file my_file_14.cif (mmCIF, C-alpha atoms)
data_data
#
loop_
_atom_site.label_atom_id
_atom_site.label_comp_id
_atom_site.auth_asym_id
_atom_site.auth_seq_id
_atom_site.Cartn_x
_atom_site.Cartn_y
_atom_site.Cartn_z
CA MET A 289 106.95 120.74 83.43
CA TRP A 290 105.31 117.32 83.09
CA ARG A 291 102.08 116.81 81.20
CA CYS A 292 99.36 114.21 81.78
CA ALA A 293 99.42 111.45 79.19
CA LEU A 294 95.78 110.61 79.98
CA PRO A 295 92.72 112.74 80.85
CA PRO A 296 92.89 113.74 84.53
CA LEU A 297 90.94 111.74 87.08
CA LEU A 298 88.04 113.71 88.54
CA ARG A 299 86.78 110.76 90.62
CA TYR A 300 88.22 107.56 92.02
CA PRO A 301 89.07 104.92 89.40
CA THR A 302 87.37 101.53 89.56
CA ALA A 303 89.36 98.31 89.35
CA ASP A 304 88.61 97.99 85.63
CA GLU A 305 89.57 101.60 84.94
CA LEU A 306 92.89 101.15 86.72
CA GLY A 307 93.86 98.31 84.42
CA ALA A 308 92.65 100.08 81.30
CA ARG A 309 94.49 103.31 82.09
CA ALA A 310 97.70 101.46 82.95
CA ALA A 311 97.50 99.53 79.67
CA ALA A 312 97.01 102.78 77.77
CA LEU A 313 100.15 104.23 79.36
CA VAL A 314 102.15 101.15 78.38
CA ALA A 315 100.83 101.35 74.83
CA ARG A 316 102.08 104.94 74.61
CA HIS A 317 105.45 104.16 76.22
CA PRO A 318 106.28 100.55 75.29
CA THR A 319 110.03 101.07 75.78
CA ASP A 320 109.89 102.49 79.28
CA ALA A 321 106.79 100.90 80.81
CA ARG A 322 105.53 97.38 81.36
CA LEU A 323 102.38 95.86 82.82
CA ARG A 324 102.47 92.36 84.21
CA ARG A 325 100.18 90.19 86.24
CA ALA A 326 101.93 89.71 89.58
CA GLY A 327 99.26 87.50 91.10
CA THR A 328 95.58 86.72 91.39
CA SER A 329 93.06 87.64 94.08
CA ARG A 330 90.77 85.26 95.93
CA ALA A 331 87.96 86.06 93.49
CA GLY A 332 90.21 85.57 90.45
CA ASN A 333 90.92 89.24 89.73
CA PRO A 334 94.42 90.02 88.45
CA LEU A 335 96.90 91.90 90.62
CA TRP A 336 98.58 94.19 88.10
CA LEU A 337 102.10 95.57 88.48
CA LEU A 338 102.95 98.60 86.34
CA SER A 339 106.72 99.21 86.11
CA VAL A 340 108.39 102.33 84.74
CA GLY A 341 112.11 102.73 84.05
CA HIS A 342 115.08 100.39 83.84
CA GLY A 343 117.14 101.44 86.87
CA SER A 344 118.77 99.03 89.29
CA ARG A 345 117.21 100.65 92.37
CA GLN A 346 113.68 99.36 92.92
CA ALA A 347 110.84 101.40 94.40
CA LEU A 348 107.62 99.56 95.23
CA VAL A 349 104.34 101.47 95.61
CA VAL A 350 101.28 99.53 96.81
CA ALA A 351 97.81 100.96 96.14
CA GLY A 352 94.52 99.72 97.53
CA PRO A 353 95.64 97.71 100.58
CA HIS A 354 92.37 98.70 102.24
CA ALA A 355 89.26 98.22 100.14
CA ASN A 356 87.61 101.50 101.13
CA GLU A 357 90.68 103.66 100.43
CA PRO A 358 90.72 104.14 96.63
CA VAL A 359 92.89 107.25 96.39
CA GLY A 360 96.03 105.13 95.90
CA GLY A 361 94.83 103.89 92.51
CA GLY A 362 94.76 107.43 91.18
CA THR A 363 98.10 108.14 92.85
CA VAL A 364 99.97 105.25 91.20
CA LEU A 365 98.69 106.34 87.79
CA ARG A 366 99.85 109.89 88.51
CA LEU A 367 103.25 108.62 89.64
CA ALA A 368 103.60 106.54 86.48
CA GLU A 369 102.86 109.58 84.31
CA ARG A 370 105.41 111.68 86.17
CA ALA A 371 108.09 109.00 86.04
CA LEU A 372 107.53 108.64 82.28
CA ALA A 373 107.73 112.40 81.77
CA ASP A 374 110.73 113.12 84.03
CA PRO A 375 113.92 111.09 83.44
CA ALA A 376 115.30 112.37 86.75
CA LEU A 377 112.90 109.99 88.47
CA THR A 378 114.14 106.93 86.54
CA ALA A 379 117.43 107.07 84.64
CA GLY A 380 118.67 110.03 86.67
CA ALA A 381 118.10 108.16 89.91
CA ASP A 382 119.02 104.73 88.50
CA ALA A 383 115.54 103.68 89.62
CA THR A 384 112.60 101.58 88.50
CA TRP A 385 109.12 102.37 89.78
CA ASN A 386 107.04 99.25 90.49
CA LEU A 387 103.41 100.26 91.00
CA LEU A 388 100.94 97.66 92.27
CA LEU A 389 97.63 99.05 90.99
CA CYS A 390 95.44 97.54 93.71
CA LEU A 391 96.26 94.98 96.37
CA ASP A 392 92.60 94.21 97.13
CA PRO A 393 90.64 94.48 93.86
CA ASP A 394 87.89 92.24 95.25
CA GLY A 395 87.25 94.69 98.07
CA LEU A 396 87.50 97.69 95.77
CA ARG A 397 84.72 96.25 93.61
CA ARG A 398 82.52 95.96 96.72
CA ASN A 399 82.87 99.72 97.24
CA GLU A 400 81.61 100.67 93.79
CA GLY A 401 78.26 101.72 95.28
CA TRP A 402 79.88 104.99 96.34
CA LEU A 403 83.13 105.01 94.34
CA ARG A 404 81.86 106.94 91.33
CA GLY A 405 80.13 109.61 93.44
CA PRO A 406 78.44 111.86 94.17
CA TYR A 407 80.48 111.94 97.34
CA SER A 408 78.66 112.41 100.62
CA LEU A 409 79.26 110.95 104.07
CA GLY A 410 75.90 109.18 104.07
CA ARG A 411 76.46 107.60 100.67
CA TYR A 412 79.96 106.52 101.65
CA PHE A 413 79.04 104.81 104.92
CA ARG A 414 75.89 103.15 103.54
CA ASN A 415 77.99 101.55 100.80
CA PHE A 416 81.23 101.10 102.78
CA PHE A 417 83.02 97.77 102.70
CA ARG A 418 86.24 96.66 104.31
CA PRO A 419 86.91 93.01 105.12
CA GLY A 420 87.44 91.68 108.60
CA PHE A 421 90.86 92.15 110.16
CA GLY A 422 91.93 88.60 109.25
CA GLU A 423 91.26 89.27 105.56
CA GLN A 424 93.29 92.46 105.20
CA PRO A 425 96.27 91.62 102.98
CA GLU A 426 98.96 93.73 104.67
CA TRP A 427 98.48 92.12 108.06
CA LEU A 428 100.56 89.07 109.05
CA PRO A 429 99.00 87.89 112.32
CA ASP A 430 100.84 84.55 112.17
CA GLY A 431 103.98 85.73 110.38
CA ALA A 432 104.98 85.74 106.72
CA ASP A 433 105.44 81.97 106.47
CA ALA A 434 101.80 81.41 107.43
CA ALA A 435 100.34 84.04 105.11
CA ALA A 436 97.12 82.56 103.73
CA LEU A 437 95.69 85.21 101.41
CA PRO A 438 96.91 85.09 97.79
CA GLU A 439 97.07 88.89 97.79
CA THR A 440 99.42 88.81 100.78
CA ARG A 441 101.59 86.11 99.23
CA THR A 442 101.82 88.13 96.01
CA LEU A 443 103.01 91.21 97.87
CA LEU A 444 105.53 89.24 99.93
CA ALA A 445 106.90 87.64 96.77
CA LEU A 446 107.30 91.04 95.12
CA GLN A 447 109.12 92.39 98.16
CA ASP A 448 111.56 89.47 98.16
CA GLU A 449 112.00 89.62 94.38
CA LEU A 450 112.56 93.37 94.11
CA ARG A 451 114.24 94.07 97.45
CA PRO A 452 113.10 97.69 97.16
CA PHE A 453 115.01 100.52 98.77
CA LEU A 454 111.62 102.20 99.31
CA GLN A 455 108.13 100.80 99.76
CA CYS A 456 105.16 103.16 99.88
CA SER A 457 101.81 101.83 101.06
CA LEU A 458 99.01 104.15 99.95
CA HIS A 459 96.16 104.59 102.41
CA GLY A 460 93.24 106.97 102.75
CA VAL A 461 91.76 108.53 105.86
CA ASP A 462 88.01 108.81 105.40
CA VAL A 463 87.65 111.68 107.91
CA GLY A 464 90.59 113.58 109.43
CA GLY A 465 93.95 114.60 108.04
CA GLY A 466 97.05 113.42 106.23
CA PHE A 467 100.06 111.84 107.91
CA VAL A 468 102.95 109.45 107.22
CA GLU A 469 104.20 106.41 109.12
CA LEU A 470 107.79 105.21 108.57
CA THR A 471 109.71 102.09 109.51
CA ARG A 472 112.88 104.21 109.48
CA ASP A 473 113.38 107.96 109.61
CA LEU A 474 113.69 110.00 106.43
CA PRO A 475 115.07 113.29 107.76
CA GLY A 476 113.40 116.23 106.06
CA LEU A 477 110.16 114.46 105.21
CA ALA A 478 108.07 116.28 107.84
CA LEU A 479 109.04 119.63 106.30
CA ARG A 480 108.12 118.38 102.80
CA VAL A 481 104.77 117.11 104.08
CA ALA A 482 104.06 120.45 105.77
CA HIS A 483 104.84 122.37 102.58
CA THR A 484 102.70 120.10 100.40
CA ALA A 485 99.79 120.13 102.84
CA ALA A 486 99.84 123.92 103.04
CA ARG A 487 99.99 124.33 99.26
CA LEU A 488 97.05 121.96 98.72
CA ARG A 489 95.02 122.94 101.83
CA ILE A 490 95.16 119.45 103.32
CA PRO A 491 94.99 119.26 107.14
CA ARG A 492 97.81 117.32 108.77
CA GLU A 493 96.81 114.89 111.51
CA LEU A 494 99.10 115.65 114.44
CA GLY A 495 97.84 112.83 116.64
CA PRO A 496 96.28 109.84 114.86
CA TYR A 497 94.82 107.43 117.41
CA ASP A 498 96.89 104.45 116.22
CA THR A 499 100.16 106.39 116.68
CA LEU A 500 99.48 107.55 120.23
CA TYR A 501 102.43 105.60 121.62
CA TRP A 502 104.73 105.85 118.60
CA PRO A 503 107.80 108.10 118.31
CA CYS A 504 107.05 111.34 116.46
CA LEU A 505 109.67 112.16 113.81
CA GLY A 506 108.16 115.56 113.07
CA PRO A 507 104.67 117.00 112.72
CA ALA A 508 102.40 114.37 111.11
CA VAL A 509 105.29 111.89 110.62
CA TYR A 510 105.60 108.88 112.94
CA ARG A 511 107.92 105.89 113.29
CA ILE A 512 106.26 102.48 113.26
CA PRO A 513 107.65 100.43 116.17
CA PRO A 514 109.05 96.96 115.47
CA PRO A 515 106.29 94.33 115.29
CA ARG A 516 105.32 92.12 118.17
CA ARG A 517 102.76 89.40 118.64
CA GLY A 518 99.54 90.29 120.45
CA ASP A 519 95.82 89.72 120.54
CA LEU A 520 93.39 91.33 118.11
CA ALA A 521 92.50 94.23 120.37
CA ALA A 522 96.17 95.07 120.90
CA ALA A 523 96.76 94.89 117.18
CA ILE A 524 94.07 97.50 116.56
CA THR A 525 94.83 99.81 119.47
CA GLU A 526 98.60 99.89 119.03
CA ALA A 527 99.03 98.70 115.43
CA ALA A 528 102.57 97.45 116.04
CA VAL A 529 101.89 94.03 114.59
CA GLU A 530 103.65 91.89 112.05
CA SER A 531 102.85 93.21 108.61
CA THR A 532 104.08 93.59 105.06
CA TRP A 533 105.30 97.03 106.10
CA TYR A 534 108.16 95.47 108.05
CA HIS A 535 108.71 92.28 106.04
CA PRO A 536 111.20 93.87 103.55
CA HIS A 537 113.11 95.53 106.38
CA ARG A 538 115.62 92.67 106.04
CA HIS A 539 116.49 93.99 102.58
CA GLY A 540 117.24 97.47 103.88
CA THR A 541 113.84 98.76 102.76
CA VAL A 542 112.28 101.80 104.35
CA THR A 543 108.48 101.66 104.24
CA ALA A 544 106.34 104.80 104.17
CA VAL A 545 102.61 104.47 104.86
CA VAL A 546 101.11 107.57 103.25
CA GLU A 547 97.65 108.58 104.45
CA SER A 548 95.55 111.04 102.42
CA PRO A 549 92.20 112.34 103.77
CA MET A 550 88.86 112.27 101.95
CA TRP A 551 86.96 114.60 104.26
CA GLY A 552 89.36 116.99 105.99
CA VAL A 553 88.96 118.22 109.58
CA ALA A 554 90.97 121.29 110.52
CA ALA A 555 90.93 120.46 114.24
CA VAL A 556 93.25 117.46 113.83
CA GLU A 557 96.21 119.79 113.25
CA ASP A 558 95.57 121.88 116.35
CA GLY A 559 98.65 121.40 118.51
CA SER A 560 97.44 123.56 121.38
CA ALA A 561 96.90 122.24 124.90
CA PRO A 562 93.23 121.43 125.61
CA ALA A 563 91.40 123.15 128.46
CA ASP A 564 90.06 119.87 129.90
CA ALA A 565 91.40 116.76 128.19
CA ALA A 566 89.86 114.42 130.78
CA ALA A 567 86.36 115.73 130.10
CA VAL A 568 86.76 115.23 126.35
CA LEU A 569 88.19 111.73 126.81
CA ARG A 570 85.37 110.83 129.17
CA ASN A 571 82.78 111.96 126.64
CA VAL A 572 84.48 110.14 123.74
CA SER A 573 84.80 106.84 125.63
CA HIS A 574 81.25 106.97 127.03
CA THR A 575 79.86 107.77 123.58
CA LEU A 576 81.74 104.84 122.03
CA ARG A 577 80.41 102.43 124.67
CA ARG A 578 76.85 103.68 124.22
CA ASP A 579 76.99 103.46 120.43
CA ALA A 580 78.53 99.97 120.55
CA ARG A 581 75.82 98.68 122.90
CA LEU A 582 73.14 100.16 120.67
CA LEU A 583 74.62 98.50 117.57
CA GLU A 584 75.05 95.19 119.37
CA GLY A 585 71.32 95.31 120.06
CA VAL A 586 70.55 95.96 116.39
CA LEU A 587 72.82 93.08 115.36
CA ALA A 588 71.08 90.70 117.77
CA ARG A 589 67.68 91.66 116.33
CA ILE A 590 68.60 91.28 112.67
CA ARG A 591 70.99 88.32 112.82
CA PRO A 592 68.27 85.63 112.55
CA HIS A 593 66.88 87.34 109.44
CA VAL A 594 70.08 88.19 107.54
CA SER A 595 72.19 85.04 107.90
CA ALA A 596 71.09 83.83 104.46
CA ALA A 597 71.62 87.20 102.75
CA PRO A 598 74.19 87.33 99.92
CA ASP A 599 77.69 87.89 101.36
CA ALA A 600 76.31 87.79 104.91
CA GLU A 601 79.47 86.16 106.24
CA ARG A 602 81.75 88.72 104.59
CA LEU A 603 79.69 91.62 105.97
CA LEU A 604 79.29 90.16 109.45
CA ALA A 605 83.04 89.58 109.92
CA PRO A 606 84.02 93.28 110.08
CA VAL A 607 80.89 94.09 112.13
CA GLU A 608 81.95 91.58 114.77
CA ASP A 609 85.56 92.81 114.65
CA TYR A 610 84.52 96.42 115.22
CA LEU A 611 82.19 95.53 118.06
CA LEU A 612 84.94 93.37 119.58
CA VAL A 613 87.48 96.20 119.81
CA CYS A 614 85.11 98.99 120.89
CA PRO A 615 85.12 98.17 124.64
CA GLY A 616 88.91 97.94 124.78
CA LEU A 617 89.34 101.25 123.00
CA ALA A 618 86.77 102.94 125.21
CA ASP A 619 88.57 101.68 128.33
CA ALA A 620 91.97 102.73 126.96
CA TRP A 621 90.70 106.29 126.41
CA ASP A 622 88.61 106.64 129.59
CA PRO A 623 90.43 108.57 132.35
CA ASP A 624 88.18 106.92 134.95
CA VAL A 625 89.32 103.40 134.02
CA THR A 626 92.49 102.40 135.85
CA ASP A 627 93.15 98.73 135.20
CA GLY A 628 96.92 98.89 135.04
CA GLY A 629 96.89 99.50 131.30
CA ARG A 630 99.21 101.80 129.43
CA PRO A 631 98.74 105.42 130.56
CA MET A 632 97.71 107.95 127.93
CA PRO A 633 100.46 110.29 126.74
CA ALA A 634 100.12 114.07 126.89
CA LEU A 635 97.37 115.01 124.46
CA SER A 636 96.88 118.05 122.27
CA THR A 637 93.59 119.40 120.99
CA GLY A 638 94.41 117.62 117.71
CA HIS A 639 94.80 114.29 119.51
CA LEU A 640 91.39 114.68 121.10
CA ALA A 641 89.79 115.55 117.77
CA ALA A 642 91.34 112.44 116.22
CA LEU A 643 90.04 110.22 119.03
CA ARG A 644 86.54 111.63 118.67
CA ILE A 645 86.66 110.96 114.92
CA ALA A 646 88.00 107.42 115.46
CA GLY A 647 85.22 106.46 117.89
CA ARG A 648 82.55 107.81 115.58
CA ARG A 649 84.17 106.01 112.62
CA LEU A 650 83.80 102.61 114.29
CA ALA A 651 80.12 103.25 114.95
CA LEU A 652 79.39 104.53 111.44
CA ARG A 653 81.19 101.69 109.70
CA THR A 654 79.30 99.16 111.80
CA ALA A 655 75.96 100.85 111.15
CA GLY A 656 76.68 101.02 107.42
CA LEU A 657 77.51 97.33 107.21
CA LEU A 658 74.39 96.40 109.21
CA HIS A 659 72.36 98.57 106.82
CA GLN A 660 73.76 96.62 103.86
CA LEU A 661 72.97 93.30 105.54
CA VAL A 662 69.32 94.25 105.93
CA ILE A 663 69.08 95.61 102.37
CA ARG A 664 70.64 92.47 100.89
CA SER A 665 68.35 90.18 102.88
CA GLY A 666 65.41 91.67 101.01
CA ALA A 667 63.25 92.15 104.10
CA ASP A 668 63.30 93.95 107.43
CA PRO A 669 61.04 92.05 109.87
CA ALA A 670 63.02 93.46 112.82
CA GLY A 671 62.29 97.04 111.69
CA ALA A 672 65.98 97.97 111.85
CA LEU A 673 66.33 100.03 108.67
CA PRO A 674 64.63 103.22 109.93
CA GLU A 675 66.76 103.12 113.08
CA LEU A 676 69.98 102.53 111.14
CA ASP A 677 69.14 105.31 108.69
CA ARG A 678 68.49 107.67 111.59
CA LEU A 679 71.79 106.78 113.27
CA ILE A 680 73.82 107.10 110.08
CA ASP A 681 72.27 110.50 109.31
CA LEU A 682 72.79 111.68 112.90
CA TRP A 683 76.42 110.55 113.09
CA CYS A 684 77.29 111.91 109.63
CA ALA A 685 75.80 115.25 110.70
CA ASP A 686 78.09 115.15 113.76
CA TYR A 687 81.10 114.69 111.44
CA ARG A 688 79.91 117.51 109.21
CA ASP A 689 78.61 120.00 111.77
CA GLY A 690 80.33 118.95 114.98
CA CYS A 691 83.78 118.14 113.56
CA GLY A 692 83.69 120.43 110.52
CA ALA A 693 84.42 117.63 108.03
CA ARG A 694 84.73 119.01 104.49
CA TRP A 695 85.10 117.05 101.24
CA ILE A 696 88.49 117.28 99.50
CA PRO A 697 88.18 116.91 95.69
CA VAL A 698 89.69 113.68 94.37
CA PRO A 699 92.33 115.41 92.17
CA ARG A 700 93.64 117.25 95.24
CA GLN A 701 93.77 114.04 97.29
CA ILE A 702 95.77 112.36 94.53
CA GLU A 703 98.10 115.32 94.09
CA TYR A 704 98.82 115.46 97.81
CA GLN A 705 99.58 111.76 98.09
CA SER A 706 101.73 111.66 94.96
CA ARG A 707 103.81 114.63 96.13
CA VAL A 708 104.42 113.00 99.51
CA VAL A 709 105.51 109.78 97.79
CA LEU A 710 107.87 111.73 95.52
CA ALA A 711 109.34 113.49 98.55
CA ALA A 712 109.93 110.14 100.28
CA PHE A 713 111.50 108.78 97.07
CA GLU A 714 113.89 111.71 96.74
CA LEU A 715 115.00 111.41 100.36
CA ALA A 716 115.32 107.62 100.32
CA VAL A 717 117.19 107.36 97.01
CA ARG A 718 120.08 109.42 98.37
CA ASN A 719 121.20 106.50 100.53
CA ALA A 720 119.99 103.63 98.36
CA PRO A 721 122.75 101.35 97.06
CA ALA A 722 122.81 100.36 93.40
CA CYS A 723 121.53 96.87 92.66
CA SER A 724 122.46 94.67 89.72
CA ARG A 725 119.00 93.15 89.36
CA SER A 726 116.02 94.73 87.65
CA GLY A 727 113.52 92.44 89.32
CA GLU A 728 111.66 92.14 86.03
CA PRO A 729 112.72 89.12 83.98
CA GLY A 730 111.55 89.16 80.40
CA TRP A 731 111.04 92.92 80.30
CA GLY A 732 108.75 93.81 77.41
CA SER A 733 108.20 90.23 76.27
CA GLU A 734 104.50 90.09 77.14
CA PRO A 735 101.68 92.29 75.84
CA ALA A 736 99.83 94.55 78.24
CA VAL A 737 96.23 93.42 78.77
CA PRO A 738 93.62 95.79 80.22
CA MET A 739 92.15 94.41 83.44
CA HIS A 740 88.58 94.51 82.14
CA ARG A 741 89.55 92.29 79.18
CA GLU A 742 91.43 89.75 81.27
#
call {"tool": "encode", "arguments": {"input": "my_file_14.cif", "output": "structure tokens"}}
result
Amino acid sequence: MWRCALPPLLRYPTADELGARAAALVARHPTDARLRRAGTSRAGNPLWLLSVGHGSRQALVVAGPHANEPVGGGTVLRLAERALADPALTAGADATWNLLLCLDPDGLRRNEGWLRGPYSLGRYFRNFFRPGFGEQPEWLPDGADAAALPETRTLLALQDELRPFLQCSLHGVDVGGGFVELTRDLPGLALRVAHTAARLRIPRELGPYDTLYWPCLGPAVYRIPPPRRGDLAAAITEAAVESTWYHPHRHGTVTAVVESPMWGVAAVEDGSAPADAAAVLRNVSHTLRRDARLLEGVLARIRPHVSAAPDAERLLAPVEDYLLVCPGLADAWDPDVTDGGRPMPALSTGHLAALRIAGRRLALRTAGLLHQLVIRSGADPAGALPELDRLIDLWCADYRDGCGARWIPVPRQIEYQSRVVLAAFELAVRNAPACSRSGEPGWGSEPAVPMHRE
């Protein structure tokens, strides 16, 4: 039975705490663990890689690819502790665990308004930040050779250096359920996910909206289709775009995108046939159009007054992205719209619940970002704040009362995600060839430096 080397995390770690905790682990296990700076973010924050073990098979785990999904930071620390405590995960598997503590530390710092808790839907969305689609480091809209973000280039370099047999990208669903997306099948993973979810009372999402057209490998496990070029709306609605998920495929890597929910909704794992799917789809699409038009009106009113606010450009970019994709999503889901687009597949009650949550998520994120723009401008001559507060409260109440969203304690989120990663590791390592390279030149030659002292 493994034991925690550090006090357990009861809330999400900040960027500074991630570095400090990783350095403390290395100090306790200097022979088996190493912390190195793999790169630097746009704002000058270090991108720390914590490695455990000396095996020839490389596993790469990426935390924090999305700024508002902090569970992965706690998960990589938990994985490091387990790998240090259980030789079967390192020497026994001839494996080295390479744990990128946070791919977007700049974005994580922008979420610190809600990160430490207390955790409520209103507090989360009023302090939510996620960069525009073009600034998300896992996305490669113009291919790997044209990657512009230093965070993206760091991850690509690590993938080509390590040639991992397994890459796990750690994501968090704000409202919904847990699921896994794979670039290649790992037979048996769906059963492991089901067992873990049941043990920890985590709902499984049986029909996430971005996997509607993807092959299902088992309940809550989906295969990511090969990437293809497309416009922004297609990238968001079908998500089969060029990304760092598929980049290491050339090395034989299987990538697992592991989603862990913050607020769980039981309805997303309801596989029953709905009584009237068309009526639900019609309501979801009409609601999304109405909310988007309302928010477009708010944006038009406040734009002249917030353009000089601190970080206005960074906050406006995701607002404009969300409002850009809303009409296309609403049309794709509306049974009354027949424009020759891709027909909807057969939908379960869980699918419909996921679509309702997804539409509401776009509206809430947009409202939260607009709220921050007004607050940061220092004035509200357009009188938008009361309206935005009313909408955020109303839509959060719909999540809570209409969808049954319930908070999942942070330790349980971390435990769920770490167990799913361990299951993927155990299944992937069975077919992973030995490799003569450690991927870590100069092992142990540099001191570990806590991120907050960098």
call {"tool": "residues_near_point", "arguments": {"input": "my_file_14.cif", "point": "(78.3, 111.5, 109.9)", "cutoff": "9 Å", "atoms": "only C-alpha atoms", "output": "PyMOL selection string"}}
result
chain A and resi 409-410+413+648-649+652+679-689+693
call {"tool": "write_last_selection", "arguments": {"input": "my_file_14.cif", "atoms": "C-alpha atoms", "output": "PDB file, in the frame of the given file"}}
result
ATOM      1  CA  LEU A 409      79.260 110.950 104.070  1.00  0.00           C
ATOM      2  CA  GLY A 410      75.900 109.180 104.070  1.00  0.00           C
ATOM      3  CA  PHE A 413      79.040 104.810 104.920  1.00  0.00           C
ATOM      4  CA  ARG A 648      82.550 107.810 115.580  1.00  0.00           C
ATOM      5  CA  ARG A 649      84.170 106.010 112.620  1.00  0.00           C
ATOM      6  CA  LEU A 652      79.390 104.530 111.440  1.00  0.00           C
ATOM      7  CA  LEU A 679      71.790 106.780 113.270  1.00  0.00           C
ATOM      8  CA  ILE A 680      73.820 107.100 110.080  1.00  0.00           C
ATOM      9  CA  ASP A 681      72.270 110.500 109.310  1.00  0.00           C
ATOM     10  CA  LEU A 682      72.790 111.680 112.900  1.00  0.00           C
ATOM     11  CA  TRP A 683      76.420 110.550 113.090  1.00  0.00           C
ATOM     12  CA  CYS A 684      77.290 111.910 109.630  1.00  0.00           C
ATOM     13  CA  ALA A 685      75.800 115.250 110.700  1.00  0.00           C
ATOM     14  CA  ASP A 686      78.090 115.150 113.760  1.00  0.00           C
ATOM     15  CA  TYR A 687      81.100 114.690 111.440  1.00  0.00           C
ATOM     16  CA  ARG A 688      79.910 117.510 109.210  1.00  0.00           C
ATOM     17  CA  ASP A 689      78.610 120.000 111.770  1.00  0.00           C
ATOM     18  CA  ALA A 693      84.420 117.630 108.030  1.00  0.00           C
TER      19      ALA A 693
END
call {"tool": "atom_distance", "arguments": {"input": "my_file_14.cif", "atom1": "CA of Leu657 in chain A", "atom2": "CA of Glu608 in chain A"}}
result
10.5 Å
call {"tool": "resolve_selection", "arguments": {"input": "my_file_14.cif", "expression": "the PyMOL selection byres ((chain A and resi 499) around 9)", "output": "PyMOL selection string"}}
result
chain A and resi 469+495-498+500-504+510-512+525-527
call {"tool": "closest_residue", "arguments": {"input": "my_file_14.cif", "among": "A:Ala321, A:Ala642, A:Ala310, A:Val461", "to": "Ile696 in chain A", "atoms": "all atoms listed in the file"}}
result
A:Val461
call {"tool": "resolve_selection", "arguments": {"input": "my_file_14.cif", "expression": "the PyMOL selection byres ((chain A and resi 364) around 8)", "output": "PDB file with C-alpha atoms, keeping the file's coordinate frame"}}
result
ATOM      1  CA  VAL A 349     104.340 101.470  95.610  1.00  0.00           C
ATOM      2  CA  ALA A 351      97.810 100.960  96.140  1.00  0.00           C
ATOM      3  CA  GLY A 360      96.030 105.130  95.900  1.00  0.00           C
ATOM      4  CA  GLY A 361      94.830 103.890  92.510  1.00  0.00           C
ATOM      5  CA  GLY A 362      94.760 107.430  91.180  1.00  0.00           C
ATOM      6  CA  THR A 363      98.100 108.140  92.850  1.00  0.00           C
ATOM      7  CA  LEU A 365      98.690 106.340  87.790  1.00  0.00           C
ATOM      8  CA  ARG A 366      99.850 109.890  88.510  1.00  0.00           C
ATOM      9  CA  LEU A 367     103.250 108.620  89.640  1.00  0.00           C
ATOM     10  CA  ALA A 368     103.600 106.540  86.480  1.00  0.00           C
ATOM     11  CA  LEU A 387     103.410 100.260  91.000  1.00  0.00           C
ATOM     12  CA  LEU A 388     100.940  97.660  92.270  1.00  0.00           C
ATOM     13  CA  LEU A 389      97.630  99.050  90.990  1.00  0.00           C
ATOM     14  CA  SER A 706     101.730 111.660  94.960  1.00  0.00           C
TER      15      SER A 706
END
call {"tool": "atom_distance", "arguments": {"input": "my_file_14.cif", "atom1": "CA of Arg330 in chain A", "atom2": "CA of Glu439 in chain A"}}
result
7.5 Å
call {"tool": "residues_around", "arguments": {"input": "my_file_14.cif", "residues": "Gly380 in chain A", "least_positions_apart": "3", "cutoff": "12 Å", "atoms": "all atoms listed in the file", "output": "list in words"}}
result
Gly341, His342, Gly343, Ser344, Arg345, Ala371, Asp374, Pro375, Ala376, Leu377, Ala383, Thr384, Glu714, Val717 and Arg718 of chain A
call {"tool": "residues_around", "arguments": {"input": "my_file_14.cif", "residues": "Val662 in chain A", "least_positions_apart": "3", "cutoff": "12 Å", "atoms": "only C-alpha atoms", "output": "ChimeraX atom specification"}}
result
/A:414,586-587,589-600,603-604,655-659,665-677
call {"tool": "resolve_selection", "arguments": {"input": "my_file_14.cif", "expression": "the PyMOL selection byres ((chain A and resi 535-551) around 7)", "output": "ChimeraX atom specification"}}
result
/A:447-448,451-472,531-534,552-553,693-696,701,705
call {"tool": "atom_distance", "arguments": {"input": "my_file_14.cif", "atom1": "CA of Trp402 in chain A", "atom2": "CA of Trp336 in chain A"}}
result
23.1 Å
call {"tool": "closest_residue", "arguments": {"input": "my_file_14.cif", "among": "A:Asp473, A:Asp430, A:Asp564, A:Glu530", "to": "Gly506 in chain A", "atoms": "all atoms listed in the file"}}
result
A:Asp473
call {"tool": "closest_residue", "arguments": {"input": "my_file_14.cif", "among": "A:Arg441, A:Arg644, A:Arg418, A:Arg630", "to": "Leu569 in chain A", "atoms": "all atoms listed in the file"}}
result
A:Arg644
call {"tool": "residues_near_point", "arguments": {"input": "my_file_14.cif", "point": "(97.0, 107.1, 129.9)", "cutoff": "9 Å", "atoms": "all atoms listed in the file", "output": "list in words"}}
result
Ala620, Trp621, Asp622, Pro623, Thr626, Gly629, Arg630, Pro631, Met632, Pro633 and Ala634 of chain A
call {"tool": "closest_residue", "arguments": {"input": "my_file_14.cif", "among": "A:Ile645, A:Ala566, A:Leu611, A:Gly559", "to": "Glu584 in chain A", "atoms": "all atoms listed in the file"}}
result
A:Leu611
call {"tool": "axis_aligned_box", "arguments": {"input": "my_file_14.cif", "around": "range 695-706 of chain A", "padding_each_side": "6 Å", "output": "lines of an AutoDock Vina configuration file"}}
result
center_x = 93.4
center_y = 114.5
center_z = 96.7
size_x = 28.6
size_y = 17.6
size_z = 21.1
